[in-house]
Amino acid sequence: MANLFLDGYDLSVCEPMHEHQLQSFPNCNAFHELDLKKMPVLSEGGSRIVFEARQALDNKQMKYVYKIPLFERKFEGKQLLEKVEEQRKDSFVMGRASGSRFIPPVRGYCGMSITMDYMAHGDMHGEVGTHFTLDLNHCRSFDPFQNICIIDYIKGVRLGGRQFSPVDKLKVAFHITRGVADLHTRSSYIHGDVCCHQYLFHKGIFMLNDFNNAEPMLANRETGKQCKVDKKLDHLWVWKGRSLEEFQKFYESKSYSPATPQMVDVWMMGNLIYTLLTNNYTFEKPHLNVKEAAKKLMAGGRSPIPARIRNSKDPSHMAIMNAIDMCWKHDWRERPPARVISNYLFDRIKAITGEDKPDVRVVLPRRDPKQKGTHSDFVFANYDHTDSGDILDNCG
């Protein structure tokens, strides 16, 4: 049985909604056959390192991604148990949501290790980049086109590369919302960090991943009603991509009321869809620091949409703006679930394309093959500059 390490809940009152939320399904035999000395490193994030694994299947060499905690970090006692639980959650969510096209399937899980699909797509860009190191000690990665996040696409556009057409942006917005919707309904977990780092591109779809910090939905032991979350973020988690409720809690706003945790995910979906639509991060233009952005947000303000988009008559732009409006309802009780927003976007795709079963896949626009994988523009747009040296990337 899993150990629960949850802040923001009274565990004497609340318990997991379903027994299966605490299950795990390890298959350790396959892991014993792996040799790390023969596995190239793909990327390194804030807490895990990612290798390329290969296994023979039907006389073919299949590639997989192998994730484990960073070698240089020592975990003991409670922290060790927390890390074991993080890997269990990551594997459980992917397994539980395995029927979704918008969440990658897990291929294996054992203790602190996970294997999942290898998301290669270098052919969509032409040349594949060479080894490189990210600045700010932010995230080291060794192949910028093998594990592309939405953040990499955004940076390419900001450097002068091509961007998605309006209808393709609508499709990507659908990817974002459908991944969260499938997470909520298939696994009864919330993500808690819906951001541009967490969507990896694979076969035309941006897929939601990294569930090691996800949390199970809880219910009152007596009434069966879902428990609300009342958690205060620590300093490093407070950046401009967080939700309204988290800002209200952190800055002790009188307007704060604990929300059902899915609504926190829904708000952050809106932040990401806004960036997809405008190529700007929230409260980047005009630039506000974190406290200024929080103050404006708590007063009912929103990140401005440029006039060229705001006044657009393009039906895709209009649909995306409507989805952002749904995500950013100031009262969390008025926000629709991710599934409702996802269904709305899919209906708009059908109406705009004139197809009853539209292809929602997209092709990545070309960008400079020499583009470096540094995420400094993301850090400086979203964090206070005094904090940026401490920020760890979650791209791995």
# chains A, B, ... in the order shown; residues from 1 in each chain; ligands from 1
call {"tool": "residues_around", "arguments": {"residues": "Met39 in chain A", "least_positions_apart": "4", "cutoff": "10 Å", "atoms": "only C-alpha atoms", "output": "compact mmCIF listing (two decimals) with N, CA and C atoms, in the first residue's frame"}}
result
# COMPACT_ATOMS: atom_id res chain seq x y z
N LEU A 34 18.60 -4.41 -17.84
CA LEU A 34 19.12 -3.15 -18.37
C LEU A 34 20.52 -2.88 -17.83
N ASP A 35 21.35 -2.26 -18.66
CA ASP A 35 22.72 -1.91 -18.28
C ASP A 35 22.90 -0.41 -18.52
N VAL A 50 17.10 10.98 -17.32
CA VAL A 50 16.39 10.18 -18.32
C VAL A 50 17.39 9.56 -19.29
N PHE A 51 17.29 8.25 -19.47
CA PHE A 51 18.17 7.50 -20.37
C PHE A 51 17.37 6.94 -21.54
N GLU A 52 18.08 6.60 -22.59
CA GLU A 52 17.49 5.88 -23.72
C GLU A 52 17.74 4.38 -23.52
N ALA A 53 16.66 3.62 -23.46
CA ALA A 53 16.77 2.17 -23.30
C ALA A 53 16.34 1.48 -24.59
N ARG A 54 16.92 0.33 -24.86
CA ARG A 54 16.57 -0.46 -26.05
C ARG A 54 16.30 -1.89 -25.64
N VAL A 65 12.18 5.23 -22.98
CA VAL A 65 12.76 6.19 -22.05
C VAL A 65 12.81 5.56 -20.67
N TYR A 66 13.95 5.67 -20.02
CA TYR A 66 14.17 5.09 -18.70
C TYR A 66 14.43 6.23 -17.72
call {"tool": "select_by_dssp", "arguments": {"residues": "range 138-337 of chain A", "states": "helix (DSSP H, G or I)", "output": "VMD selection string"}}
result
chain A and resid 150 to 158 166 to 187 196 to 198 235 to 237 244 to 250 261 to 278 290 to 298 307 to 310 315 to 327 332 to 334
call {"tool": "residues_around", "arguments": {"residues": "Phe283 in chain A", "least_positions_apart": "4", "cutoff": "8 Å", "atoms": "only C-alpha atoms", "output": "PyMOL selection string"}}
result
chain A and resi 240+287-288+293+302-304
call {"tool": "closest_atom_pairs", "arguments": {"of": "range 3-55 of chain A", "to": "range 172-188 of chain A", "cutoff": "12 Å", "atoms": "only C-alpha atoms", "output": "CSV"}}
result
residue,atom,partner,partner_atom,distance
A:Pro16,CA,A:Ser188,CA,9.1
A:Met17,CA,A:Ser188,CA,7.7
A:His18,CA,A:Ser188,CA,8.1
A:Glu19,CA,A:Ser188,CA,10.8
A:His20,CA,A:Ser187,CA,8.7
A:Gln21,CA,A:Ser187,CA,7.2
A:Leu22,CA,A:Ser187,CA,10.6
A:Gln23,CA,A:Ser187,CA,11.2
call {"tool": "closest_atom_pairs", "arguments": {"of": "range 40-107 of chain A", "to": "range 199-216 of chain A", "cutoff": "9 Å", "atoms": "only C-alpha atoms", "output": "tab-separated table"}}
result
residue	atom	partner	partner_atom	distance
A:Lys83	CA	A:Asn212	CA	8.5
A:Glu85	CA	A:Asn212	CA	7.9
A:Glu86	CA	A:Asn212	CA	4.3
A:Gln87	CA	A:Asn212	CA	5.7
A:Arg88	CA	A:Asn212	CA	7.7
A:Lys89	CA	A:Asn212	CA	5.6
A:Asp90	CA	A:Phe211	CA	4.4
A:Ser91	CA	A:Phe211	CA	7.9
A:Phe92	CA	A:Phe211	CA	8.8
A:Val93	CA	A:Phe211	CA	6.9
A:Met94	CA	A:Phe211	CA	8.0
A:Arg101	CA	A:Met207	CA	7.6
A:Phe102	CA	A:Met207	CA	4.6
A:Ile103	CA	A:Met207	CA	5.1
A:Pro104	CA	A:Met207	CA	6.4
call {"tool": "write_last_selection", "arguments": {"atoms": "C-alpha atoms", "output": "PDB file, in the first residue's frame"}}
result
ATOM      1  CA  LYS A  83      10.660   9.484  -3.892  1.00  0.00           C
ATOM      2  CA  GLU A  85       5.856   7.196  -3.883  1.00  0.00           C
ATOM      3  CA  GLU A  86       6.531   9.744  -6.641  1.00  0.00           C
ATOM      4  CA  GLN A  87       7.602   7.010  -9.059  1.00  0.00           C
ATOM      5  CA  ARG A  88       4.590   4.883  -8.081  1.00  0.00           C
ATOM      6  CA  LYS A  89       2.241   7.773  -8.850  1.00  0.00           C
ATOM      7  CA  ASP A  90       3.926   8.488 -12.175  1.00  0.00           C
ATOM      8  CA  SER A  91       3.614   4.874 -13.292  1.00  0.00           C
ATOM      9  CA  PHE A  92       0.108   4.430 -11.866  1.00  0.00           C
ATOM     10  CA  VAL A  93      -1.356   7.456 -13.647  1.00  0.00           C
ATOM     11  CA  MET A  94       0.141   6.487 -17.007  1.00  0.00           C
ATOM     12  CA  ARG A 101      -4.053   9.296 -26.797  1.00  0.00           C
ATOM     13  CA  PHE A 102      -3.044  12.334 -24.755  1.00  0.00           C
ATOM     14  CA  ILE A 103      -1.126  10.670 -21.918  1.00  0.00           C
ATOM     15  CA  PRO A 104       1.870   8.435 -22.706  1.00  0.00           C
TER      16      PRO A 104
END
call {"tool": "closest_residue", "arguments": {"among": "A:Tyr153, A:Tyr344, A:Tyr383, A:Phe247", "to": "Thr275 in chain A", "atoms": "only C-alpha atoms"}}
result
A:Tyr153
call {"tool": "select_by_dssp", "arguments": {"residues": "range 141-343 of chain A", "states": "strand (DSSP E or B)", "output": "list in words"}}
result
Ser141, Cys149, Tyr189, Ile190, Tyr199, Leu200, Phe201, His202, Ile205, Phe206, Met207, Leu208, Glu215, Pro216, Leu218, Ala219, Asn220, Gln226, Val229 and Ala259 of chain A
call {"tool": "residues_around", "arguments": {"residues": "Lys169 in chain A", "least_positions_apart": "2", "cutoff": "9 Å", "atoms": "only C-alpha atoms", "output": "PyMOL selection string"}}
result
chain A and resi 163-167+171-174+273+276-277+316-317+320+362
call {"tool": "atom_distance", "arguments": {"atom1": "CA of Phe25 in chain A", "atom2": "CA of Ala219 in chain A"}}
result
23.7 Å
call {"tool": "atom_distance", "arguments": {"atom1": "CA of Arg242 in chain A", "atom2": "CA of Val229 in chain A"}}
result
14.7 Å
